[in-house]
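Q: I'd like to ask you about the structure that follows.
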Amino acid sequence: MTVIEAKVHRSSARNARLAFVLVGVVVGILSAVVASSYWHPIIALFVGAAVGFPTGAAAWLLVRIWPVLRLLWWWLPEIVITSTLLTAWVHLATHTSTVVTLAVVAVVVGVPASIPVARRTIVAWAWCLIVRHRLRVCFAQFIIANQSGSLPLILWARPTPVGERVWVYLRPGLSAKDLEGRLDKIAVTCHASSALIERASEGNAAFLRFDIKRREVLTATVGSPLAGVIDPDTPTTDRAPVTPPTALDLPDVEAPTVTLPAPRPATTANGSKPSAASSSTDTDDMSDWI
């Protein structure tokens, strides 16, 4: 079983050497400049070397073991939970009798298992731990990573009413557009019905939020509390069924009578009424105008 891939191993070794040289030289020069104000320049050079070398070595060690630290971060919740349970079990078995130990274990395990709310909460958080590892499998198997082979940093996960929500920080080489075409594969790997991706920060495109959906809460049947309020001994009244209208019968509708207001006489520009048209106009012979 390969814990750290060879590509990641070579990349971390190259970055560690670069970090050693860069940090060691910069810190050594700065230390020598500061020391030259108090001692001879030659002594200041030795002081700068004495300070820069261990600082560069510390930077080399940090970059070199970064893949291991990232692996420990992926398994940190499981490591903490397992260590806590084992420590509690050792102290309980050491300082108590067998009967008391079995009774405490039965209470600790049985009470959460018998209470539905506690049981659902434990299962939801357990799925959050599983989804973090399933997303890591997605990034390692079929999602394109950068040339150094470094995977995105899976930060944290919490349960939601429909599944889980996971925050991921992408490394250079990936974007949200690259992941949107693989949502169906991500859902299959996470044993879910669907998966969604959104930006978790407006100012940082690398900070994403994965919503893993396992169920639809909007289609669930919700019981109404009003049924328990009704008294079953309340007499019911027989009522004739009411047929709702299905169409509009226009002949049965009375047409409203509309009364138009009398037209107001027109006025001229100076406010006087225009004179009536001459009656001789109707008797004019049109042949005179042709």
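Going by the structure tokens order, chains are called A, B, ..., each with residues numbered from 1, while ligands are numbered from 1 in the order shown.
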Tell me which protein, DNA and RNA residues are within 12 Å of Ser31 in chain A, counting only C-alpha atoms, leaving out same-chain ones fewer than 3 positions away, and put them as a PyMOL selection string.

A: chain A and resi 23-28+34-39+41+43-53+55

Q: Quick one: which range 173-232 of chain A residues come within 8 Å of range 124-135 of chain A, and what is the nearest atom pair for each with the distance in Å to one decimal, counting only C-alpha atoms, rows ordered by chain and ascending number, as a tab-separated table?

A:
residue	atom	partner	partner_atom	distance
A:Ile186	CA	A:Leu135	CA	7.2
A:Thr189	CA	A:Arg134	CA	6.2
A:Cys190	CA	A:Arg134	CA	5.5

Q: Which residue gives the smallest distance to Leu76 in chain A among A:Leu92, A:Ala195, A:Ile154, A:Val105, with only C-alpha atoms counted?

A: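 Among A:Leu92, A:Ala195, A:Ile154, A:Val105, it is A:Ile154 that comes nearest to Leu76 in chain A.
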
Q: Nearest to Leu85 in chain A: which of A:Leu174, A:Ala57, A:Ile143, A:Val108 is it, counting only C-alpha atoms?

A: A:Val108

Q: So which residues of range 126-237 of chain A fall under strand (DSSP E or B) by DSSP, listed as a list of chain:residue names?

A: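 Of range 126-237 of chain A, only A:Leu153, A:Ile154, A:Leu155, A:Trp156, A:Ala157, A:Arg158, A:Pro159, A:Thr160, A:Gly163, A:Glu164, A:Arg165, A:Val166, A:Trp167, A:Val168, A:Tyr169, A:Ser194, A:Ala195, A:Leu196, A:Ile197, A:Glu198, A:Arg199, A:Phe207, A:Leu208, A:Arg209, A:Phe210, A:Asp211, A:Ile212, A:Lys213 fall in strand (DSSP E or B).
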
Q: Could you write out the selected residues, including N, CA and C atoms, as a compact mmCIF listing (two decimals), in the first residue's frame?

A:
# COMPACT_ATOMS: atom_id res chain seq x y z
N LEU A 153 -6.62 20.51 -0.39
CA LEU A 153 -6.68 20.37 1.06
C LEU A 153 -8.15 20.31 1.49
N ILE A 154 -8.57 19.18 2.00
CA ILE A 154 -9.94 18.99 2.48
C ILE A 154 -9.99 19.47 3.92
N LEU A 155 -10.71 20.55 4.15
CA LEU A 155 -10.64 21.23 5.44
C LEU A 155 -11.55 20.59 6.48
N TRP A 156 -12.85 20.70 6.31
CA TRP A 156 -13.76 20.25 7.36
C TRP A 156 -15.09 19.87 6.73
N ALA A 157 -15.90 19.15 7.47
CA ALA A 157 -17.21 18.72 7.00
C ALA A 157 -18.19 18.76 8.17
N ARG A 158 -19.44 19.04 7.85
CA ARG A 158 -20.49 19.04 8.88
C ARG A 158 -21.78 18.51 8.24
N PRO A 159 -22.66 17.92 9.05
CA PRO A 159 -23.91 17.37 8.50
C PRO A 159 -24.92 18.46 8.16
N THR A 160 -25.75 18.19 7.18
CA THR A 160 -26.84 19.06 6.77
C THR A 160 -28.13 18.23 6.74
N GLY A 163 -27.64 15.84 3.78
CA GLY A 163 -26.40 15.09 3.61
C GLY A 163 -25.25 15.71 4.38
N GLU A 164 -24.20 16.06 3.65
CA GLU A 164 -23.02 16.64 4.26
C GLU A 164 -22.54 17.83 3.44
N ARG A 165 -21.82 18.73 4.11
CA ARG A 165 -21.20 19.90 3.47
C ARG A 165 -19.72 19.89 3.82
N VAL A 166 -18.89 19.95 2.79
CA VAL A 166 -17.44 19.84 2.95
C VAL A 166 -16.79 21.07 2.33
N TRP A 167 -15.82 21.65 3.04
CA TRP A 167 -15.06 22.79 2.54
C TRP A 167 -13.70 22.29 2.04
N VAL A 168 -13.33 22.73 0.83
CA VAL A 168 -12.11 22.27 0.17
C VAL A 168 -11.35 23.48 -0.34
N TYR A 169 -10.03 23.43 -0.17
CA TYR A 169 -9.16 24.49 -0.70
C TYR A 169 -8.34 23.88 -1.82
N SER A 194 -26.60 12.94 -5.34
CA SER A 194 -26.10 14.02 -6.18
C SER A 194 -25.08 14.83 -5.39
N ALA A 195 -24.36 15.69 -6.10
CA ALA A 195 -23.35 16.55 -5.49
C ALA A 195 -23.38 17.91 -6.17
N LEU A 196 -23.16 18.95 -5.37
CA LEU A 196 -23.15 20.32 -5.86
C LEU A 196 -21.86 21.00 -5.41
N ILE A 197 -21.42 21.99 -6.19
CA ILE A 197 -20.21 22.74 -5.88
C ILE A 197 -20.54 24.22 -5.95
N GLU A 198 -20.13 24.96 -4.93
CA GLU A 198 -20.30 26.41 -4.90
C GLU A 198 -19.04 27.04 -4.33
N ARG A 199 -18.84 28.30 -4.68
CA ARG A 199 -17.72 29.04 -4.12
C ARG A 199 -18.05 29.45 -2.69
N PHE A 207 -11.37 28.51 -2.74
CA PHE A 207 -12.10 28.06 -1.56
C PHE A 207 -13.50 27.65 -1.99
N LEU A 208 -13.77 26.34 -2.02
CA LEU A 208 -15.03 25.80 -2.52
C LEU A 208 -15.79 25.09 -1.41
N ARG A 209 -17.09 24.89 -1.70
CA ARG A 209 -17.97 24.18 -0.77
C ARG A 209 -18.70 23.08 -1.52
N PHE A 210 -18.53 21.84 -1.07
CA PHE A 210 -19.19 20.69 -1.66
C PHE A 210 -20.43 20.35 -0.83
N ASP A 211 -21.57 20.22 -1.49
CA ASP A 211 -22.81 19.79 -0.85
C ASP A 211 -23.15 18.40 -1.37
N ILE A 212 -23.03 17.41 -0.51
CA ILE A 212 -23.32 16.03 -0.85
C ILE A 212 -24.75 15.73 -0.39
N LYS A 213 -25.63 15.40 -1.33
CA LYS A 213 -27.04 15.18 -1.04
C LYS A 213 -27.34 13.68 -1.08

Q: Here is a test: counting only C-alpha atoms, which residue of A:Thr94, A:Asn204, A:Val63, A:Gly223 is nearest to Ser11 in chain A?

A: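 That would be A:Val63, the residue with the smallest distance to Ser11 in chain A.
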